[in-house]
Amino acid sequence: MYKTIEFKIEHQIGYVYLNRPEIHNAFNEVMISELIHCFAGVEKMDYTEIRLLVIEGRGPSFCAGADLKWMKSVVNYSHEENYQESFKLSQCFNSIYSCKFPTIAMVHGAAIGGANGLLAACDFVLADKKAVFSLSEVKIGIVPACISPYVMKRVGEYKSKELMLTGIRFSGKVAEKYGLVNWSLGEKKRKAKLAELIHNLGTSGPIAVSQCKQLIYDMSNRLSHEEAMTYTAKMIADLRKSDEGQEGMNSFLEKRKPNWVK
């Protein structure tokens, strides 16, 4: 179905693989379009089909940033063509950031330039402690513009300056220190942490998890304090009266597992 990525579902877990291992999964316009298409399809699925997504890179790296061949063609684009291409990249990151299901990035090898937008847009990031990161755009006279909303949400303003203005390379352990990734671990511990995270997400109410994501998105991006008071009161009232909310509260009171835990 896709040329540059793979998508599959196993046991209600969606796996999105960046699949250009011969060039360390560097992205181009095709991969950007395919990721947008993939996540648009996921948004149409329900909780009986899928509960969460894991994003990984095939081969030696997560993603080495922009494909050099693609960049050579971009050099000759008009201003309007550059804008449209860049806006599509922003759409790609936002489709991951706003996904109604939890998203987990598994990062190894290299995560350079725009790759940091892909991982920062995810809800959770598990990095190999030896992985190499860099927000290196300034080194070639441009800026990490499209990735900045997601990186800055993770690390804050002044740490963003430290990483974006210098373009330094740093390890997974340093990425964890900055807050760019949630955890930086060796390979065995990283896989064990993924299994633990999948379990913890899987034992939570699927609709509640989705609504909680929407709550955090709206509180972070859209609502004033006054609007938030009404919005949050309505959300909890709706969920308490929903089938899942009733099942969850009754199972707690009856000291049994809710019906979404197998």
# chains A, B, ... in the order shown; residues from 1 in each chain; ligands from 1
>>> residues_around(residues="range 45-55 of chain A", least_positions_apart="4", cutoff="6 Å", atoms="only C-alpha atoms", output="count of residues only")
11
>>> closest_atom_pairs(of="range 180-206 of chain A", to="range 167-176 of chain A", cutoff="10 Å", atoms="only C-alpha atoms", output="tab-separated table")
residue	atom	partner	partner_atom	distance
A:Leu180	CA	A:Ala175	CA	5.2
A:Val181	CA	A:Glu176	CA	4.9
A:Asn182	CA	A:Glu176	CA	6.0
A:Trp183	CA	A:Glu176	CA	5.9
A:Ser184	CA	A:Gly172	CA	5.5
A:Leu185	CA	A:Lys173	CA	7.9
A:Gly186	CA	A:Gly172	CA	9.9
>>> write_last_selection(atoms="C-alpha atoms", output="PDB file, in the first residue's frame")
ATOM      1  CA  LEU A 180      12.895  15.707  24.568  1.00  0.00           C
ATOM      2  CA  VAL A 181      12.343  12.001  25.277  1.00  0.00           C
ATOM      3  CA  ASN A 182      10.565  10.365  28.217  1.00  0.00           C
ATOM      4  CA  TRP A 183      13.044   7.557  28.779  1.00  0.00           C
ATOM      5  CA  SER A 184      16.516   6.675  27.486  1.00  0.00           C
ATOM      6  CA  LEU A 185      17.435   3.036  28.021  1.00  0.00           C
ATOM      7  CA  GLY A 186      19.490   0.130  26.747  1.00  0.00           C
TER       8      GLY A 186
END
>>> residues_around(residues="range 56-62 of chain A", least_positions_apart="5", cutoff="12 Å", atoms="only C-alpha atoms", output="ChimeraX atom specification")
/A:4-7,14-27,103-116,118-119,122,125-128,130-133,194
>>> atom_distance(atom1="CA of Tyr217 in chain A", atom2="CA of Phe93 in chain A")
14.2 Å
>>> select_by_dssp(residues="range 89-247 of chain A", states="strand (DSSP E)", output="MDAnalysis selection string")
chainID A and resid 103:107 110:112 124:128 132:134 169:171 183:185
>>> atom_distance(atom1="CA of Thr203 in chain A", atom2="CA of Trp260 in chain A")
7.1 Å
>>> select_by_dssp(residues="range 79-226 of chain A", states="helix (DSSP H, G or I)", output="ChimeraX atom specification")
/A:79-97,115-120,137-140,148-155,157-166,172-178,187-202,206-221,225-226
>>> closest_residue(among="A:Asn76, A:Ser98, A:Ser160, A:Ser86", to="Ser220 in chain A", atoms="only C-alpha atoms")
A:Ser98
>>> residues_around(residues="range 221-230 of chain A", least_positions_apart="6", cutoff="12 Å", atoms="only C-alpha atoms", output="list in words")
Tyr97, Ser98, Pro149, Tyr150, Lys153, Gln214, Leu215, Ile236 and Ala237 of chain A
>>> atom_distance(atom1="CA of Ala208 in chain A", atom2="CA of Gly248 in chain A")
9.9 Å
>>> residues_around(residues="Leu165 in chain A", least_positions_apart="3", cutoff="10 Å", atoms="only C-alpha atoms", output="CSV table (one decimal) with N, CA, C and O atoms, in the first residue's frame")
chain,number,residue,atom,x,y,z
A,135,LEU,N,19.2,19.0,16.3
A,135,LEU,CA,18.3,20.0,15.7
A,135,LEU,C,19.3,20.9,14.9
A,135,LEU,O,19.6,22.0,15.3
A,136,SER,N,19.7,20.4,13.7
A,136,SER,CA,20.9,20.9,13.1
A,136,SER,C,20.6,21.9,12.0
A,136,SER,O,21.5,22.3,11.2
A,137,GLU,N,19.3,22.3,11.8
A,137,GLU,CA,18.9,23.2,10.7
A,137,GLU,C,19.8,24.4,10.5
A,137,GLU,O,20.1,24.9,9.4
A,138,VAL,N,20.1,25.1,11.7
A,138,VAL,CA,20.9,26.3,11.6
A,138,VAL,C,22.3,26.1,10.9
A,138,VAL,O,22.9,27.1,10.4
A,139,LYS,N,22.8,24.9,11.0
A,139,LYS,CA,24.1,24.6,10.4
A,139,LYS,C,24.0,24.8,8.8
A,139,LYS,O,25.1,24.9,8.2
A,143,VAL,N,16.0,27.1,9.6
A,143,VAL,CA,15.6,27.0,11.0
A,143,VAL,C,14.7,25.8,11.2
A,143,VAL,O,14.0,25.4,10.3
A,144,PRO,N,14.6,25.2,12.4
A,144,PRO,CA,13.7,24.1,12.7
A,144,PRO,C,12.3,24.6,12.9
A,144,PRO,O,11.7,24.4,14.0
A,159,LYS,N,15.6,25.9,26.8
A,159,LYS,CA,16.3,24.7,26.4
A,159,LYS,C,16.1,24.5,24.9
A,159,LYS,O,17.0,24.0,24.2
A,160,SER,N,15.0,25.0,24.3
A,160,SER,CA,14.9,25.0,22.8
A,160,SER,C,16.0,25.9,22.2
A,160,SER,O,16.6,25.6,21.2
A,161,LYS,N,16.3,27.0,22.8
A,161,LYS,CA,17.3,27.9,22.4
A,161,LYS,C,18.7,27.2,22.4
A,161,LYS,O,19.5,27.3,21.4
A,162,GLU,N,18.9,26.5,23.5
A,162,GLU,CA,20.2,25.8,23.6
A,162,GLU,C,20.4,24.8,22.5
A,162,GLU,O,21.4,24.6,21.9
A,168,ILE,N,23.8,21.4,18.2
A,168,ILE,CA,24.7,20.4,18.8
A,168,ILE,C,24.1,19.0,18.6
A,168,ILE,O,22.9,18.8,18.5
>>> decode(residues="range 216-246 of chain A", atoms="N, CA, C and O atoms", output="PDB file, in the first residue's frame")
ATOM      1  N   ILE A 216      -6.241  17.344  27.285  1.00  0.00           N
ATOM      2  CA  ILE A 216      -4.908  17.939  27.389  1.00  0.00           C
ATOM      3  C   ILE A 216      -4.630  18.836  26.186  1.00  0.00           C
ATOM      4  O   ILE A 216      -4.076  19.938  26.324  1.00  0.00           O
ATOM      5  N   TYR A 217      -5.040  18.372  24.990  1.00  0.00           N
ATOM      6  CA  TYR A 217      -4.848  19.174  23.774  1.00  0.00           C
ATOM      7  C   TYR A 217      -5.578  20.513  23.897  1.00  0.00           C
ATOM      8  O   TYR A 217      -5.008  21.582  23.637  1.00  0.00           O
ATOM      9  N   ASP A 218      -6.826  20.463  24.293  1.00  0.00           N
ATOM     10  CA  ASP A 218      -7.625  21.685  24.375  1.00  0.00           C
ATOM     11  C   ASP A 218      -7.117  22.618  25.468  1.00  0.00           C
ATOM     12  O   ASP A 218      -7.059  23.839  25.281  1.00  0.00           O
ATOM     13  N   MET A 219      -6.762  22.067  26.613  1.00  0.00           N
ATOM     14  CA  MET A 219      -6.257  22.894  27.706  1.00  0.00           C
ATOM     15  C   MET A 219      -4.927  23.542  27.342  1.00  0.00           C
ATOM     16  O   MET A 219      -4.620  24.651  27.776  1.00  0.00           O
ATOM     17  N   SER A 220      -4.145  22.862  26.526  1.00  0.00           N
ATOM     18  CA  SER A 220      -2.824  23.377  26.149  1.00  0.00           C
ATOM     19  C   SER A 220      -2.874  24.342  24.966  1.00  0.00           C
ATOM     20  O   SER A 220      -1.985  25.188  24.828  1.00  0.00           O
ATOM     21  N   ASN A 221      -3.899  24.213  24.121  1.00  0.00           N
ATOM     22  CA  ASN A 221      -3.855  24.926  22.848  1.00  0.00           C
ATOM     23  C   ASN A 221      -5.027  25.857  22.557  1.00  0.00           C
ATOM     24  O   ASN A 221      -4.897  26.747  21.725  1.00  0.00           O
ATOM     25  N   ARG A 222      -6.173  25.676  23.232  1.00  0.00           N
ATOM     26  CA  ARG A 222      -7.359  26.356  22.750  1.00  0.00           C
ATOM     27  C   ARG A 222      -8.117  27.195  23.763  1.00  0.00           C
ATOM     28  O   ARG A 222      -8.686  28.217  23.400  1.00  0.00           O
ATOM     29  N   LEU A 223      -8.161  26.798  25.013  1.00  0.00           N
ATOM     30  CA  LEU A 223      -9.155  27.344  25.923  1.00  0.00           C
ATOM     31  C   LEU A 223      -8.598  28.376  26.899  1.00  0.00           C
ATOM     32  O   LEU A 223      -7.487  28.227  27.411  1.00  0.00           O
ATOM     33  N   SER A 224      -9.399  29.415  27.149  1.00  0.00           N
ATOM     34  CA  SER A 224      -9.104  30.331  28.238  1.00  0.00           C
ATOM     35  C   SER A 224      -9.476  29.663  29.561  1.00  0.00           C
ATOM     36  O   SER A 224     -10.130  28.617  29.580  1.00  0.00           O
ATOM     37  N   HIS A 225      -9.069  30.257  30.656  1.00  0.00           N
ATOM     38  CA  HIS A 225      -9.385  29.679  31.967  1.00  0.00           C
ATOM     39  C   HIS A 225     -10.903  29.579  32.162  1.00  0.00           C
ATOM     40  O   HIS A 225     -11.407  28.555  32.655  1.00  0.00           O
ATOM     41  N   GLU A 226     -11.627  30.613  31.763  1.00  0.00           N
ATOM     42  CA  GLU A 226     -13.082  30.616  31.935  1.00  0.00           C
ATOM     43  C   GLU A 226     -13.737  29.533  31.069  1.00  0.00           C
ATOM     44  O   GLU A 226     -14.632  28.808  31.522  1.00  0.00           O
ATOM     45  N   GLU A 227     -13.284  29.413  29.824  1.00  0.00           N
ATOM     46  CA  GLU A 227     -13.828  28.387  28.936  1.00  0.00           C
ATOM     47  C   GLU A 227     -13.530  26.992  29.468  1.00  0.00           C
ATOM     48  O   GLU A 227     -14.342  26.077  29.361  1.00  0.00           O
ATOM     49  N   ALA A 228     -12.343  26.834  30.062  1.00  0.00           N
ATOM     50  CA  ALA A 228     -11.913  25.525  30.567  1.00  0.00           C
ATOM     51  C   ALA A 228     -12.816  25.031  31.688  1.00  0.00           C
ATOM     52  O   ALA A 228     -13.059  23.826  31.821  1.00  0.00           O
ATOM     53  N   MET A 229     -13.337  25.944  32.511  1.00  0.00           N
ATOM     54  CA  MET A 229     -14.203  25.549  33.627  1.00  0.00           C
ATOM     55  C   MET A 229     -15.459  24.844  33.102  1.00  0.00           C
ATOM     56  O   MET A 229     -15.830  23.765  33.585  1.00  0.00           O
ATOM     57  N   THR A 230     -16.107  25.442  32.117  1.00  0.00           N
ATOM     58  CA  THR A 230     -17.316  24.846  31.544  1.00  0.00           C
ATOM     59  C   THR A 230     -16.994  23.569  30.784  1.00  0.00           C
ATOM     60  O   THR A 230     -17.688  22.552  30.912  1.00  0.00           O
ATOM     61  N   TYR A 231     -15.931  23.634  29.995  1.00  0.00           N
ATOM     62  CA  TYR A 231     -15.527  22.500  29.150  1.00  0.00           C
ATOM     63  C   TYR A 231     -15.234  21.261  29.991  1.00  0.00           C
ATOM     64  O   TYR A 231     -15.706  20.155  29.704  1.00  0.00           O
ATOM     65  N   THR A 232     -14.449  21.431  31.059  1.00  0.00           N
ATOM     66  CA  THR A 232     -14.041  20.276  31.859  1.00  0.00           C
ATOM     67  C   THR A 232     -15.208  19.708  32.668  1.00  0.00           C
ATOM     68  O   THR A 232     -15.326  18.494  32.837  1.00  0.00           O
ATOM     69  N   ALA A 233     -16.077  20.588  33.161  1.00  0.00           N
ATOM     70  CA  ALA A 233     -17.250  20.110  33.907  1.00  0.00           C
ATOM     71  C   ALA A 233     -18.165  19.286  33.011  1.00  0.00           C
ATOM     72  O   ALA A 233     -18.686  18.237  33.417  1.00  0.00           O
ATOM     73  N   LYS A 234     -18.369  19.758  31.779  1.00  0.00           N
ATOM     74  CA  LYS A 234     -19.219  19.033  30.831  1.00  0.00           C
ATOM     75  C   LYS A 234     -18.597  17.694  30.455  1.00  0.00           C
ATOM     76  O   LYS A 234     -19.283  16.675  30.361  1.00  0.00           O
ATOM     77  N   MET A 235     -17.260  17.681  30.258  1.00  0.00           N
ATOM     78  CA  MET A 235     -16.589  16.443  29.852  1.00  0.00           C
ATOM     79  C   MET A 235     -16.751  15.367  30.909  1.00  0.00           C
ATOM     80  O   MET A 235     -17.090  14.224  30.602  1.00  0.00           O
ATOM     81  N   ILE A 236     -16.514  15.711  32.168  1.00  0.00           N
ATOM     82  CA  ILE A 236     -16.602  14.678  33.200  1.00  0.00           C
ATOM     83  C   ILE A 236     -18.041  14.225  33.391  1.00  0.00           C
ATOM     84  O   ILE A 236     -18.310  13.038  33.621  1.00  0.00           O
ATOM     85  N   ALA A 237     -19.006  15.155  33.257  1.00  0.00           N
ATOM     86  CA  ALA A 237     -20.417  14.772  33.368  1.00  0.00           C
ATOM     87  C   ALA A 237     -20.808  13.802  32.259  1.00  0.00           C
ATOM     88  O   ALA A 237     -21.498  12.799  32.493  1.00  0.00           O
ATOM     89  N   ASP A 238     -20.366  14.098  31.013  1.00  0.00           N
ATOM     90  CA  ASP A 238     -20.661  13.217  29.880  1.00  0.00           C
ATOM     91  C   ASP A 238     -20.070  11.826  30.091  1.00  0.00           C
ATOM     92  O   ASP A 238     -20.728  10.804  29.826  1.00  0.00           O
ATOM     93  N   LEU A 239     -18.821  11.780  30.555  1.00  0.00           N
ATOM     94  CA  LEU A 239     -18.137  10.493  30.708  1.00  0.00           C
ATOM     95  C   LEU A 239     -18.707   9.677  31.861  1.00  0.00           C
ATOM     96  O   LEU A 239     -18.765   8.450  31.790  1.00  0.00           O
ATOM     97  N   ARG A 240     -19.131  10.345  32.922  1.00  0.00           N
ATOM     98  CA  ARG A 240     -19.738   9.611  34.039  1.00  0.00           C
ATOM     99  C   ARG A 240     -21.021   8.901  33.625  1.00  0.00           C
ATOM    100  O   ARG A 240     -21.353   7.837  34.147  1.00  0.00           O
ATOM    101  N   LYS A 241     -21.742   9.489  32.678  1.00  0.00           N
ATOM    102  CA  LYS A 241     -22.999   8.900  32.222  1.00  0.00           C
ATOM    103  C   LYS A 241     -22.824   7.992  31.007  1.00  0.00           C
ATOM    104  O   LYS A 241     -23.780   7.364  30.563  1.00  0.00           O
ATOM    105  N   SER A 242     -21.615   7.925  30.464  1.00  0.00           N
ATOM    106  CA  SER A 242     -21.374   7.073  29.298  1.00  0.00           C
ATOM    107  C   SER A 242     -21.330   5.608  29.707  1.00  0.00           C
ATOM    108  O   SER A 242     -21.158   5.272  30.887  1.00  0.00           O
ATOM    109  N   ASP A 243     -21.460   4.708  28.722  1.00  0.00           N
ATOM    110  CA  ASP A 243     -21.391   3.270  29.006  1.00  0.00           C
ATOM    111  C   ASP A 243     -20.058   2.901  29.651  1.00  0.00           C
ATOM    112  O   ASP A 243     -20.012   2.127  30.617  1.00  0.00           O
ATOM    113  N   GLU A 244     -18.975   3.455  29.100  1.00  0.00           N
ATOM    114  CA  GLU A 244     -17.651   3.113  29.633  1.00  0.00           C
ATOM    115  C   GLU A 244     -17.474   3.665  31.044  1.00  0.00           C
ATOM    116  O   GLU A 244     -16.940   2.983  31.929  1.00  0.00           O
ATOM    117  N   GLY A 245     -17.939   4.891  31.286  1.00  0.00           N
ATOM    118  CA  GLY A 245     -17.821   5.480  32.610  1.00  0.00           C
ATOM    119  C   GLY A 245     -18.619   4.706  33.650  1.00  0.00           C
ATOM    120  O   GLY A 245     -18.152   4.456  34.772  1.00  0.00           O
ATOM    121  N   GLN A 246     -19.822   4.288  33.281  1.00  0.00           N
ATOM    122  CA  GLN A 246     -20.652   3.504  34.190  1.00  0.00           C
ATOM    123  C   GLN A 246     -19.997   2.166  34.510  1.00  0.00           C
ATOM    124  O   GLN A 246     -19.957   1.726  35.659  1.00  0.00           O
TER     125      GLN A 246
END
